[in-house]
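Quick look at coords17.cif (mmCIF, C-alpha atoms and all ligand atoms):
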data_query
#
loop_
_atom_site.group_PDB
_atom_site.id
_atom_site.type_symbol
_atom_site.label_atom_id
_atom_site.label_comp_id
_atom_site.auth_asym_id
_atom_site.auth_seq_id
_atom_site.Cartn_x
_atom_site.Cartn_y
_atom_site.Cartn_z
ATOM 1 C CA MET A 1 -21.104 -39.512 18.093
ATOM 2 C CA SER A 2 -20.324 -36.153 16.563
ATOM 3 C CA ARG A 3 -16.721 -36.173 15.407
ATOM 4 C CA SER A 4 -14.634 -33.396 13.882
ATOM 5 C CA ILE A 5 -11.773 -34.116 11.505
ATOM 6 C CA SER A 6 -9.162 -31.538 10.541
ATOM 7 C CA VAL A 7 -6.419 -32.155 8.019
ATOM 8 C CA ALA A 8 -3.118 -30.308 7.753
ATOM 9 C CA LEU A 9 -2.032 -30.932 4.166
ATOM 10 C CA THR A 10 1.533 -30.187 5.261
ATOM 11 C CA PRO A 11 2.885 -29.801 8.821
ATOM 12 C CA SER A 12 2.937 -26.011 8.419
ATOM 13 C CA GLY A 13 -0.802 -26.214 7.722
ATOM 14 C CA LEU A 14 -1.391 -26.914 11.408
ATOM 15 C CA ALA A 15 -3.240 -23.794 12.475
ATOM 16 C CA PRO A 16 -1.477 -22.056 15.391
ATOM 17 C CA GLU A 17 -4.790 -21.829 17.203
ATOM 18 C CA CYS A 18 -5.650 -25.511 16.792
ATOM 19 C CA GLU A 19 -6.055 -27.267 20.086
ATOM 20 C CA LEU A 20 -3.615 -30.093 19.568
ATOM 21 C CA HIS A 21 -3.442 -30.925 23.255
ATOM 22 C CA GLN A 22 -7.042 -32.135 23.030
ATOM 23 C CA ALA A 23 -6.620 -33.909 19.720
ATOM 24 C CA CYS A 24 -5.751 -37.369 18.618
ATOM 25 C CA SER A 25 -3.307 -36.801 15.763
ATOM 26 C CA ILE A 26 -2.599 -39.198 12.944
ATOM 27 C CA ILE A 27 0.699 -38.669 11.146
ATOM 28 C CA ILE A 28 0.824 -39.720 7.513
ATOM 29 C CA ASP A 29 3.953 -40.179 5.433
ATOM 30 C CA VAL A 30 2.968 -42.928 3.027
ATOM 31 C CA LEU A 31 6.297 -42.702 1.132
ATOM 32 C CA ARG A 32 7.839 -43.825 3.346
ATOM 33 C CA ALA A 33 8.376 -43.008 7.027
ATOM 34 C CA THR A 34 5.058 -44.123 8.498
ATOM 35 C CA SER A 35 4.990 -47.195 6.232
ATOM 36 C CA VAL A 36 8.422 -48.021 7.662
ATOM 37 C CA MET A 37 7.233 -47.533 11.255
ATOM 38 C CA THR A 38 4.276 -49.836 10.636
ATOM 39 C CA THR A 39 6.448 -52.487 8.999
ATOM 40 C CA ALA A 40 9.136 -52.285 11.680
ATOM 41 C CA GLY A 41 6.485 -52.593 14.374
ATOM 42 C CA LEU A 42 5.031 -55.710 12.839
ATOM 43 C CA ALA A 43 8.532 -57.156 12.464
ATOM 44 C CA GLY A 44 9.023 -56.864 16.212
ATOM 45 C CA ALA A 45 10.910 -53.632 16.804
ATOM 46 C CA LYS A 46 10.761 -52.859 20.511
ATOM 47 C CA ARG A 47 10.421 -49.075 20.328
ATOM 48 C CA MET A 48 10.625 -46.535 17.534
ATOM 49 C CA ILE A 49 12.234 -43.278 18.572
ATOM 50 C CA THR A 50 11.868 -40.547 15.971
ATOM 51 C CA CYS A 51 14.011 -37.449 15.727
ATOM 52 C CA GLU A 52 14.481 -34.593 13.322
ATOM 53 C CA ASN A 53 18.181 -34.704 12.582
ATOM 54 C CA ILE A 54 21.149 -37.016 12.189
ATOM 55 C CA HIS A 55 23.088 -35.521 15.074
ATOM 56 C CA ALA A 56 20.202 -36.168 17.492
ATOM 57 C CA ALA A 57 19.919 -39.752 16.225
ATOM 58 C CA PHE A 58 23.588 -40.455 17.011
ATOM 59 C CA GLU A 59 23.180 -38.830 20.435
ATOM 60 C CA ILE A 60 20.183 -41.014 21.298
ATOM 61 C CA ALA A 61 22.048 -44.137 20.209
ATOM 62 C CA ASP A 62 25.193 -43.189 22.165
ATOM 63 C CA GLN A 63 23.139 -42.439 25.262
ATOM 64 C CA SER A 64 21.461 -45.850 25.141
ATOM 65 C CA ASP A 65 24.872 -47.451 24.695
ATOM 66 C CA SER A 66 26.266 -45.893 27.844
ATOM 67 C CA GLU A 67 23.087 -46.657 29.802
ATOM 68 C CA ARG A 68 23.185 -50.363 28.993
ATOM 69 C CA ALA A 69 26.815 -51.165 28.281
ATOM 70 C CA ASP A 70 26.461 -54.396 30.261
ATOM 71 C CA GLN A 71 23.687 -55.809 28.061
ATOM 72 C CA PRO A 72 24.790 -56.028 24.427
ATOM 73 C CA PRO A 73 23.392 -55.834 21.791
ATOM 74 C CA SER A 74 21.271 -53.012 23.118
ATOM 75 C CA ARG A 75 22.414 -50.210 20.860
ATOM 76 C CA PRO A 76 19.436 -48.946 18.891
ATOM 77 C CA LEU A 77 19.478 -49.358 15.156
ATOM 78 C CA LEU A 78 20.071 -46.041 13.407
ATOM 79 C CA CYS A 79 17.553 -45.736 10.590
ATOM 80 C CA GLY A 80 16.373 -43.251 8.003
ATOM 81 C CA GLU A 81 17.272 -41.349 4.896
ATOM 82 C CA ARG A 82 18.387 -38.108 3.353
ATOM 83 C CA HIS A 83 17.479 -37.496 -0.295
ATOM 84 C CA CYS A 84 15.804 -40.948 -0.149
ATOM 85 C CA LYS A 85 19.203 -42.655 0.420
ATOM 86 C CA PRO A 86 20.545 -44.413 3.518
ATOM 87 C CA ILE A 87 22.598 -42.156 5.801
ATOM 88 C CA ASP A 88 26.350 -42.757 6.256
ATOM 89 C CA GLY A 89 27.020 -44.683 9.457
ATOM 90 C CA PHE A 90 23.391 -45.778 9.826
ATOM 91 C CA ASP A 91 22.192 -49.374 9.985
ATOM 92 C CA LEU A 92 19.063 -49.203 7.827
ATOM 93 C CA GLY A 93 17.589 -46.859 5.233
ATOM 94 C CA ASN A 94 13.965 -45.905 4.633
ATOM 95 C CA SER A 95 12.744 -48.899 2.601
ATOM 96 C CA PRO A 96 10.075 -50.957 4.383
ATOM 97 C CA ALA A 97 11.631 -54.092 2.845
ATOM 98 C CA GLU A 98 14.695 -53.627 5.039
ATOM 99 C CA TYR A 99 12.693 -53.990 8.244
ATOM 100 C CA THR A 100 12.631 -57.751 8.547
ATOM 101 C CA PRO A 101 12.243 -59.646 11.844
ATOM 102 C CA ASP A 102 15.818 -60.920 11.711
ATOM 103 C CA ARG A 103 17.072 -57.339 11.653
ATOM 104 C CA VAL A 104 14.744 -55.565 14.043
ATOM 105 C CA VAL A 105 13.104 -57.963 16.467
ATOM 106 C CA GLY A 106 13.596 -56.788 20.055
ATOM 107 C CA ARG A 107 15.622 -53.791 18.956
ATOM 108 C CA ASP A 108 15.006 -50.093 19.475
ATOM 109 C CA ILE A 109 14.970 -48.078 16.276
ATOM 110 C CA VAL A 110 16.013 -44.452 16.016
ATOM 111 C CA LEU A 111 14.461 -43.013 12.869
ATOM 112 C CA THR A 112 15.148 -39.703 11.158
ATOM 113 C CA THR A 113 13.696 -38.869 7.746
ATOM 114 C CA THR A 114 13.287 -35.752 5.649
ATOM 115 C CA ASN A 115 9.569 -35.211 6.106
ATOM 116 C CA GLY A 116 7.918 -37.890 8.237
ATOM 117 C CA THR A 117 9.799 -37.420 11.460
ATOM 118 C CA ARG A 118 9.433 -33.632 11.117
ATOM 119 C CA ALA A 119 5.686 -34.024 10.857
ATOM 120 C CA ILE A 120 5.749 -36.045 14.070
ATOM 121 C CA GLN A 121 7.676 -33.268 15.768
ATOM 122 C CA ALA A 122 5.175 -30.664 14.561
ATOM 123 C CA ALA A 123 2.335 -32.587 16.216
ATOM 124 C CA MET A 124 4.104 -33.479 19.464
ATOM 125 C CA ARG A 125 1.678 -31.433 21.562
ATOM 126 C CA SER A 126 -1.168 -33.778 20.634
ATOM 127 C CA ARG A 127 -2.916 -35.758 23.336
ATOM 128 C CA ARG A 128 -2.462 -38.967 21.295
ATOM 129 C CA LEU A 129 -0.125 -39.503 18.363
ATOM 130 C CA LEU A 130 -0.275 -42.364 15.876
ATOM 131 C CA ALA A 131 1.511 -43.282 12.647
ATOM 132 C CA ALA A 132 -0.719 -44.369 9.749
ATOM 133 C CA SER A 133 -0.083 -45.945 6.385
ATOM 134 C CA PHE A 134 -2.154 -47.769 3.789
ATOM 135 C CA LEU A 135 -0.681 -50.973 5.217
ATOM 136 C CA ASN A 136 -2.600 -50.461 8.448
ATOM 137 C CA LEU A 137 -5.610 -48.452 7.301
ATOM 138 C CA ALA A 138 -8.166 -50.645 9.106
ATOM 139 C CA ALA A 139 -6.095 -50.691 12.305
ATOM 140 C CA THR A 140 -5.787 -46.906 12.153
ATOM 141 C CA VAL A 141 -9.529 -46.457 11.819
ATOM 142 C CA ALA A 142 -10.174 -48.895 14.675
ATOM 143 C CA ALA A 143 -7.681 -47.059 16.901
ATOM 144 C CA VAL A 144 -9.317 -43.647 16.453
ATOM 145 C CA GLU A 145 -13.003 -44.230 15.797
ATOM 146 C CA SER A 146 -14.126 -43.211 19.268
ATOM 147 C CA GLU A 147 -12.067 -39.996 19.252
ATOM 148 C CA PRO A 148 -14.194 -36.821 19.064
ATOM 149 C CA HIS A 149 -11.465 -34.621 17.559
ATOM 150 C CA LEU A 150 -9.082 -36.000 15.005
ATOM 151 C CA GLN A 151 -6.201 -34.075 13.545
ATOM 152 C CA ILE A 152 -4.591 -35.667 10.501
ATOM 153 C CA VAL A 153 -1.136 -34.341 9.621
ATOM 154 C CA CYS A 154 0.228 -35.064 6.157
ATOM 155 C CA ALA A 155 4.016 -34.957 6.032
ATOM 156 C CA GLY A 156 4.124 -33.719 2.433
ATOM 157 C CA THR A 157 7.438 -33.462 0.633
ATOM 158 C CA ASN A 158 9.865 -30.685 1.426
ATOM 159 C CA GLY A 159 7.092 -28.302 2.444
ATOM 160 C CA GLN A 160 4.837 -29.131 -0.489
ATOM 161 C CA ILE A 161 1.562 -31.027 -0.502
ATOM 162 C CA SER A 162 2.092 -34.614 -1.609
ATOM 163 C CA TYR A 163 -0.752 -36.492 -3.308
ATOM 164 C CA GLU A 164 -0.037 -39.855 -1.650
ATOM 165 C CA ASP A 165 -0.457 -38.449 1.856
ATOM 166 C CA VAL A 166 -3.648 -36.621 0.885
ATOM 167 C CA LEU A 167 -5.063 -39.873 -0.523
ATOM 168 C CA LEU A 168 -4.512 -41.726 2.729
ATOM 169 C CA ALA A 169 -6.054 -38.868 4.724
ATOM 170 C CA GLY A 170 -9.091 -39.185 2.459
ATOM 171 C CA ALA A 171 -9.179 -42.971 2.807
ATOM 172 C CA ILE A 172 -9.197 -42.708 6.620
ATOM 173 C CA ILE A 173 -12.045 -40.183 6.487
ATOM 174 C CA ASP A 174 -13.938 -42.384 4.044
ATOM 175 C CA ARG A 175 -13.614 -45.495 6.220
ATOM 176 C CA LEU A 176 -14.629 -43.573 9.350
ATOM 177 C CA ASN A 177 -17.773 -42.489 7.556
ATOM 178 C CA GLU A 178 -18.668 -45.806 5.944
ATOM 179 C CA SER A 179 -21.567 -46.367 8.288
ATOM 180 C CA GLY A 180 -22.770 -42.776 7.821
ATOM 181 C CA SER A 181 -26.306 -41.723 7.065
ATOM 182 C CA GLY A 182 -26.188 -41.680 3.291
ATOM 183 C CA PRO A 183 -24.001 -42.196 0.261
ATOM 184 C CA GLY A 184 -21.797 -39.332 -0.820
ATOM 185 C CA GLU A 185 -21.790 -37.213 2.335
ATOM 186 C CA PRO A 186 -19.700 -37.881 5.450
ATOM 187 C CA THR A 187 -21.480 -37.520 8.750
ATOM 188 C CA ASP A 188 -18.364 -36.213 10.502
ATOM 189 C CA HIS A 189 -17.676 -32.502 10.580
ATOM 190 C CA LEU A 190 -14.823 -31.957 8.112
ATOM 191 C CA ASP A 191 -12.728 -28.845 7.685
ATOM 192 C CA ASP A 192 -12.030 -27.797 4.099
ATOM 193 C CA SER A 193 -8.708 -29.642 3.869
ATOM 194 C CA ALA A 194 -10.392 -32.803 5.129
ATOM 195 C CA ARG A 195 -13.060 -32.370 2.479
ATOM 196 C CA ILE A 196 -10.378 -31.926 -0.209
ATOM 197 C CA ALA A 197 -8.630 -35.111 0.956
ATOM 198 C CA TRP A 198 -11.865 -37.074 1.021
ATOM 199 C CA SER A 199 -12.798 -35.887 -2.497
ATOM 200 C CA ALA A 200 -9.332 -36.739 -3.810
ATOM 201 C CA TRP A 201 -9.593 -40.253 -2.396
ATOM 202 C CA ARG A 202 -13.110 -40.793 -3.807
ATOM 203 C CA GLN A 203 -12.020 -39.539 -7.218
ATOM 204 C CA SER A 204 -8.964 -41.770 -7.248
ATOM 205 C CA LEU A 205 -11.126 -44.886 -6.844
ATOM 206 C CA THR A 206 -11.438 -45.948 -10.453
ATOM 207 C CA PRO A 207 -11.354 -49.571 -11.551
ATOM 208 C CA ALA A 208 -8.791 -48.518 -14.130
ATOM 209 C CA ARG A 209 -6.184 -47.162 -11.747
ATOM 210 C CA ALA A 210 -4.662 -49.123 -8.908
ATOM 211 C CA LEU A 211 -3.468 -47.277 -5.823
ATOM 212 C CA GLU A 212 0.128 -48.074 -6.756
ATOM 213 C CA GLU A 213 -0.265 -46.088 -9.976
ATOM 214 C CA SER A 214 -1.675 -43.101 -8.105
ATOM 215 C CA LEU A 215 1.228 -43.205 -5.661
ATOM 216 C CA ALA A 216 3.694 -43.354 -8.523
ATOM 217 C CA LEU A 217 2.202 -40.132 -9.928
ATOM 218 C CA SER A 218 2.677 -38.271 -6.644
ATOM 219 C CA LEU A 219 5.554 -35.999 -5.694
ATOM 220 C CA GLY A 220 6.925 -38.510 -3.192
ATOM 221 C CA GLY A 221 6.480 -41.303 -5.742
ATOM 222 C CA ARG A 222 8.322 -39.438 -8.467
ATOM 223 C CA ASN A 223 11.205 -38.727 -6.076
ATOM 224 C CA LEU A 224 11.469 -42.403 -5.170
ATOM 225 C CA ILE A 225 11.420 -43.512 -8.811
ATOM 226 C CA GLU A 226 14.189 -41.040 -9.609
ATOM 227 C CA ALA A 227 16.251 -42.307 -6.665
ATOM 228 C CA GLY A 228 15.821 -45.957 -7.705
ATOM 229 C CA TYR A 229 13.258 -47.092 -5.120
ATOM 230 C CA THR A 230 10.313 -47.858 -7.424
ATOM 231 C CA SER A 231 9.555 -51.176 -5.728
ATOM 232 C CA ASP A 232 8.875 -49.395 -2.435
ATOM 233 C CA ILE A 233 5.857 -47.719 -4.022
ATOM 234 C CA GLY A 234 4.117 -51.049 -4.608
ATOM 235 C CA ARG A 235 4.952 -52.177 -1.108
ATOM 236 C CA CYS A 236 3.541 -49.000 0.458
ATOM 237 C CA ALA A 237 0.397 -49.256 -1.723
ATOM 238 C CA GLN A 238 -0.797 -52.471 -0.089
ATOM 239 C CA ILE A 239 -3.953 -51.895 1.918
ATOM 240 C CA ASP A 240 -4.719 -53.582 5.252
ATOM 241 C CA THR A 241 -1.854 -56.034 5.306
ATOM 242 C CA ILE A 242 -0.795 -55.101 8.854
ATOM 243 C CA ASP A 243 -3.183 -55.270 11.776
ATOM 244 C CA GLY A 244 -1.639 -52.916 14.273
ATOM 245 C CA ILE A 245 -0.401 -49.359 14.685
ATOM 246 C CA ALA A 246 2.602 -47.477 16.044
ATOM 247 C CA GLU A 247 1.422 -45.185 18.832
ATOM 248 C CA ARG A 248 3.405 -42.747 20.940
ATOM 249 C CA VAL A 249 3.748 -44.122 24.447
ATOM 250 C CA ASP A 250 4.822 -41.107 26.436
ATOM 251 C CA PRO A 251 3.438 -37.579 25.912
ATOM 252 C CA GLY A 252 6.281 -35.188 25.191
ATOM 253 C CA LYS A 253 8.623 -37.891 23.899
ATOM 254 C CA ALA A 254 8.743 -39.155 20.322
ATOM 255 C CA VAL A 255 8.798 -42.796 21.373
ATOM 256 C CA PHE A 256 6.393 -45.202 19.679
ATOM 257 C CA ARG A 257 5.398 -48.784 20.276
ATOM 258 C CA PHE A 258 3.524 -51.019 17.895
ATOM 259 C CA VAL A 259 0.121 -52.015 19.257
ATOM 260 C CA LYS A 260 -1.391 -55.134 17.700
ATOM 261 C CA ARG A 261 -5.141 -55.031 17.198
HETATM 262 O O1 LIG B 301 12.823 -41.465 1.842
HETATM 263 C C1 LIG B 301 11.683 -41.048 1.658
HETATM 264 O O2 LIG B 301 10.765 -41.804 1.369
HETATM 265 C C2 LIG B 301 11.375 -39.569 1.809
HETATM 266 C C3 LIG B 301 12.395 -38.797 1.052
HETATM 267 S S1 LIG B 301 11.801 -37.331 0.329
HETATM 268 O O3 LIG B 301 10.493 -37.044 0.937
HETATM 269 O O4 LIG B 301 11.606 -37.543 -1.103
HETATM 270 O O5 LIG B 301 12.768 -36.293 0.603
HETATM 271 O O6 LIG B 301 11.404 -39.171 3.151
HETATM 272 P P1 LIG B 301 10.142 -39.238 4.120
HETATM 273 O O7 LIG B 301 10.455 -38.410 5.329
HETATM 274 O O8 LIG B 301 9.926 -40.681 4.498
HETATM 275 O O9 LIG B 301 8.992 -38.687 3.351
#

As structure tokens, please, write out the structure in this file.
Amino acid sequence: MSRSISVALTPSGLAPECELHQACSIIIDVLRATSVMTTAGLAGAKRMITCENIHAAFEIADQSDSERADQPPSRPLLCGERHCKPIDGFDLGNSPAEYTPDRVVGRDIVLTTTNGTRAIQAAMRSRRLLAASFLNLAATVAAVESEPHLQIVCAGTNGQISYEDVLLAGAIIDRLNESGSGPGEPTDHLDDSARIAWSAWRQSLTPARALEESLALSLGGRNLIEAGYTSDIGRCAQIDTIDGIAERVDPGKAVFRFVKR
């Protein structure tokens, strides 16, 4: 199958002319939104509803409350961060470690983060929309391998390209091309950003440097270290520990469910 892969290195890199409505889009925010969505999904969260701002998150939660007042505890968990820190009045922050089964099983989650949930919004017009992390790299590849047009959207950090997201974009491209015709050259058609991501990933693969170290060098990694969340970097650097993926269930709505492979 001839497949094309485009990468937006930040959400604003999505070309206005790109035909998102035909594309399967993969959102990447390794540190930490899409790692959180993957972890929460595995832990049994019912639905993950993403939104861009705190006000909208409270509105969604209040609306669910009034819809189901007779069936407590149905209020969604309010989750996310600003400046890497938990938000006042919210239930959970943006550390994957917080998303344990005892906290999230059977619960809806409303998530708002600085970059990840904005990237989701930027790609809402996509035909399919999935959230990828290193944790579920194999499940991501399995979910998209028969798609003819893939659009990868890196969340970046505050409008800037972030190395950790580029690395995962490259890792997805690399895995999709593992059974390609020859070493060193993907068989898929890659745009230039996809080629940059793939090269970055290939270059990062040295026996001397573990993925965790590369993530710690990145913009998102440095921000987390400064904010006191160093241990999240190691957690988000685990590869293929979760065999499933959060996928949007309803076109036009930022509502995701975790699909086990
Ligand atoms: O909390 C995070 O991991 C980041 C914070 S920032 O990117 O350093 O501002 O948010 P996210 O939207 O998950 O990238």

Would you mind listing, for every residue of chain A within 8 Å of ligand LIG 301 (chain B), the two atoms forming the shortest contact and the distance between them in Å to one decimal, using only C-alpha atoms and all ligand atoms, sorted by chain and ascending residue number, as JSON lines?
{"residue": "A:Asp29", "atom": "CA", "partner": "B:LIG301", "partner_atom": "O9", "distance": 5.7}
{"residue": "A:Val30", "atom": "CA", "partner": "B:LIG301", "partner_atom": "O9", "distance": 7.4}
{"residue": "A:Leu31", "atom": "CA", "partner": "B:LIG301", "partner_atom": "O2", "distance": 4.6}
{"residue": "A:Arg32", "atom": "CA", "partner": "B:LIG301", "partner_atom": "O8", "distance": 3.9}
{"residue": "A:Ala33", "atom": "CA", "partner": "B:LIG301", "partner_atom": "O8", "distance": 3.8}
{"residue": "A:Thr34", "atom": "CA", "partner": "B:LIG301", "partner_atom": "O8", "distance": 7.2}
{"residue": "A:Gly80", "atom": "CA", "partner": "B:LIG301", "partner_atom": "O1", "distance": 7.3}
{"residue": "A:Glu81", "atom": "CA", "partner": "B:LIG301", "partner_atom": "O1", "distance": 5.4}
{"residue": "A:Arg82", "atom": "CA", "partner": "B:LIG301", "partner_atom": "C3", "distance": 6.5}
{"residue": "A:His83", "atom": "CA", "partner": "B:LIG301", "partner_atom": "O5", "distance": 4.9}
{"residue": "A:Cys84", "atom": "CA", "partner": "B:LIG301", "partner_atom": "O1", "distance": 3.6}
{"residue": "A:Lys85", "atom": "CA", "partner": "B:LIG301", "partner_atom": "O1", "distance": 6.6}
{"residue": "A:Gly93", "atom": "CA", "partner": "B:LIG301", "partner_atom": "O1", "distance": 8.0}
{"residue": "A:Asn94", "atom": "CA", "partner": "B:LIG301", "partner_atom": "O1", "distance": 5.4}
{"residue": "A:Ser95", "atom": "CA", "partner": "B:LIG301", "partner_atom": "O2", "distance": 7.5}
{"residue": "A:Thr112", "atom": "CA", "partner": "B:LIG301", "partner_atom": "O7", "distance": 7.6}
{"residue": "A:Thr113", "atom": "CA", "partner": "B:LIG301", "partner_atom": "O7", "distance": 4.1}
{"residue": "A:Thr114", "atom": "CA", "partner": "B:LIG301", "partner_atom": "O7", "distance": 3.9}
{"residue": "A:Asn115", "atom": "CA", "partner": "B:LIG301", "partner_atom": "O7", "distance": 3.4}
{"residue": "A:Gly116", "atom": "CA", "partner": "B:LIG301", "partner_atom": "O7", "distance": 3.9}
{"residue": "A:Thr117", "atom": "CA", "partner": "B:LIG301", "partner_atom": "O7", "distance": 6.2}
{"residue": "A:Arg118", "atom": "CA", "partner": "B:LIG301", "partner_atom": "O7", "distance": 7.6}
{"residue": "A:Ala155", "atom": "CA", "partner": "B:LIG301", "partner_atom": "O9", "distance": 6.8}
{"residue": "A:Gly156", "atom": "CA", "partner": "B:LIG301", "partner_atom": "O9", "distance": 7.0}
{"residue": "A:Thr157", "atom": "CA", "partner": "B:LIG301", "partner_atom": "O3", "distance": 4.7}
{"residue": "A:Asn158", "atom": "CA", "partner": "B:LIG301", "partner_atom": "O5", "distance": 6.4}
{"residue": "A:Leu219", "atom": "CA", "partner": "B:LIG301", "partner_atom": "O4", "distance": 7.8}
{"residue": "A:Gly220", "atom": "CA", "partner": "B:LIG301", "partner_atom": "O4", "distance": 5.2}
{"residue": "A:Gly221", "atom": "CA", "partner": "B:LIG301", "partner_atom": "O4", "distance": 7.9}
{"residue": "A:Asn223", "atom": "CA", "partner": "B:LIG301", "partner_atom": "O4", "distance": 5.1}
{"residue": "A:Leu224", "atom": "CA", "partner": "B:LIG301", "partner_atom": "O4", "distance": 6.3}

Give me the residues near Val104 (chain A) as a tab-separated table (two decimals) with C-alpha atoms, keeping the file's coordinate frame, where near means some atom within 9 Å (using only C-alpha atoms) and where sequence neighbours in that chain fewer than 4 positions away do not count.
chain	number	residue	atom	x	y	z
A	40	ALA	CA	9.14	-52.28	11.68
A	41	GLY	CA	6.48	-52.59	14.37
A	43	ALA	CA	8.53	-57.16	12.46
A	44	GLY	CA	9.02	-56.86	16.21
A	45	ALA	CA	10.91	-53.63	16.80
A	46	LYS	CA	10.76	-52.86	20.51
A	77	LEU	CA	19.48	-49.36	15.16
A	99	TYR	CA	12.69	-53.99	8.24
A	100	THR	CA	12.63	-57.75	8.55
A	108	ASP	CA	15.01	-50.09	19.48
A	109	ILE	CA	14.97	-48.08	16.28

Next on the checklist: Once the PyMOL selection byres (((chain A and resi 26) around 6) and not hetatm) is applied to the coordinates I shared, what remains selected? I want it as number ranges by chain.
Outcome noted: A: 25, 27, 129-131, 152

Deliver the residues from the most recent selection as a file, using C-alpha atoms, as a CSV table (one decimal), in the coordinates of the input.
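After the write, result-v7.csv holds the following:
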chain,number,residue,atom,x,y,z
A,25,SER,CA,-3.3,-36.8,15.8
A,27,ILE,CA,0.7,-38.7,11.1
A,129,LEU,CA,-0.1,-39.5,18.4
A,130,LEU,CA,-0.3,-42.4,15.9
A,131,ALA,CA,1.5,-43.3,12.6
A,152,ILE,CA,-4.6,-35.7,10.5

Checklist outcome for this item: What separates CA of Arg127 (chain A) and CA of Gln238 (chain A) is a distance of 28.9 Å

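Taking only C-alpha atoms into account, Thr39 (chain A) lies nearest to A:Pro96 out of the set A:Pro96, A:Gly234, A:Pro251, A:Pro186.
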
Item to check | Residue members of the PyMOL selection byres (((chain A and resi 3) around 6) and not hetatm) in the file shown, as a ChimeraX atom specification | outcome: /A:2,4,148-149,188

Item to check | Minimum-distance residue to Ile239 (chain A), chosen among A:Ser35, A:Leu42, A:Ile87, A:Gln160 (using only C-alpha atoms) | outcome: A:Ser35

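Of the listed residues A:Gly89, A:Pro101, A:Pro76, A:Gly159, the one whose atoms come nearest to Pro11 (chain A) is A:Gly159, with distances taken using only C-alpha atoms.
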
Skip Ser204 (chain A) itself and residues of its chain fewer than 5 positions away, then list as a short mmCIF file (atom, residue, chain, number, x, y, z; two decimals) with C-alpha atoms, in the coordinates of the input all residues within 9 Å of it, counting all atoms listed in the file.
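Saved file selection.cif follows:
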data_model
loop_
_atom_site.label_atom_id
_atom_site.label_comp_id
_atom_site.auth_asym_id
_atom_site.auth_seq_id
_atom_site.Cartn_x
_atom_site.Cartn_y
_atom_site.Cartn_z
CA LEU A 167 -5.06 -39.87 -0.52
CA SER A 199 -12.80 -35.89 -2.50
CA ARG A 209 -6.18 -47.16 -11.75
CA ALA A 210 -4.66 -49.12 -8.91
CA LEU A 211 -3.47 -47.28 -5.82
CA SER A 214 -1.68 -43.10 -8.10
#

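Using the PyMOL selection byres (((chain A and resi 23) around 9) and not hetatm) on this structure selects Cys18, Glu19, Leu20, His21, Gln22, Cys24, Ser25, Arg125, Ser126, Arg127, Arg128, Leu129, Glu147, Pro148, His149, Leu150 and Gln151 of chain A.
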
Checklist outcome for this item: A straight line from CA of Ala8 (chain A) to CA of Val153 (chain A) spans 4.9 Å

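Note that CA of Val166 (chain A) and CA of Glu213 (chain A) are 14.8 Å apart.
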
Item to check | Test item: residues at most 12 Å from region 170-172 of chain A, only C-alpha atoms, excluding those fewer than 2 positions along its chain, as a ChimeraX atom specification | outcome: /A:5-9,26-28,132-145,150-154,163-168,174-178,186,188,190,192-205,211,239-240

Since the input lacks some atoms of region 155-165 of chain A, please model N, CA and C atoms and print them as a CSV table (one decimal), in the coordinates of the input.
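What follows is the written file rebuild.csv:
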chain,number,residue,atom,x,y,z
A,155,ALA,N,2.6,-35.4,6.0
A,155,ALA,CA,4.0,-35.0,6.0
A,155,ALA,C,4.4,-34.1,4.8
A,156,GLY,N,3.8,-34.4,3.6
A,156,GLY,CA,4.1,-33.7,2.4
A,156,GLY,C,5.6,-34.0,2.1
A,157,THR,N,6.1,-33.3,1.1
A,157,THR,CA,7.4,-33.5,0.6
A,157,THR,C,8.1,-32.1,0.5
A,158,ASN,N,9.1,-31.9,1.4
A,158,ASN,CA,9.9,-30.7,1.4
A,158,ASN,C,9.0,-29.4,1.4
A,159,GLY,N,8.0,-29.5,2.3
A,159,GLY,CA,7.1,-28.3,2.4
A,159,GLY,C,5.9,-28.2,1.5
A,160,GLN,N,5.9,-29.2,0.5
A,160,GLN,CA,4.8,-29.1,-0.5
A,160,GLN,C,3.8,-30.2,-0.2
A,161,ILE,N,2.6,-30.0,-0.6
A,161,ILE,CA,1.6,-31.0,-0.5
A,161,ILE,C,1.9,-32.2,-1.4
A,162,SER,N,1.7,-33.4,-0.9
A,162,SER,CA,2.1,-34.6,-1.6
A,162,SER,C,0.8,-35.5,-1.7
A,163,TYR,N,0.5,-35.8,-3.0
A,163,TYR,CA,-0.8,-36.5,-3.3
A,163,TYR,C,-1.0,-37.8,-2.5
A,164,GLU,N,0.1,-38.6,-2.3
A,164,GLU,CA,0.0,-39.9,-1.6
A,164,GLU,C,-0.5,-39.7,-0.2
A,165,ASP,N,0.0,-38.7,0.5
A,165,ASP,CA,-0.5,-38.4,1.9
A,165,ASP,C,-1.9,-38.0,1.9
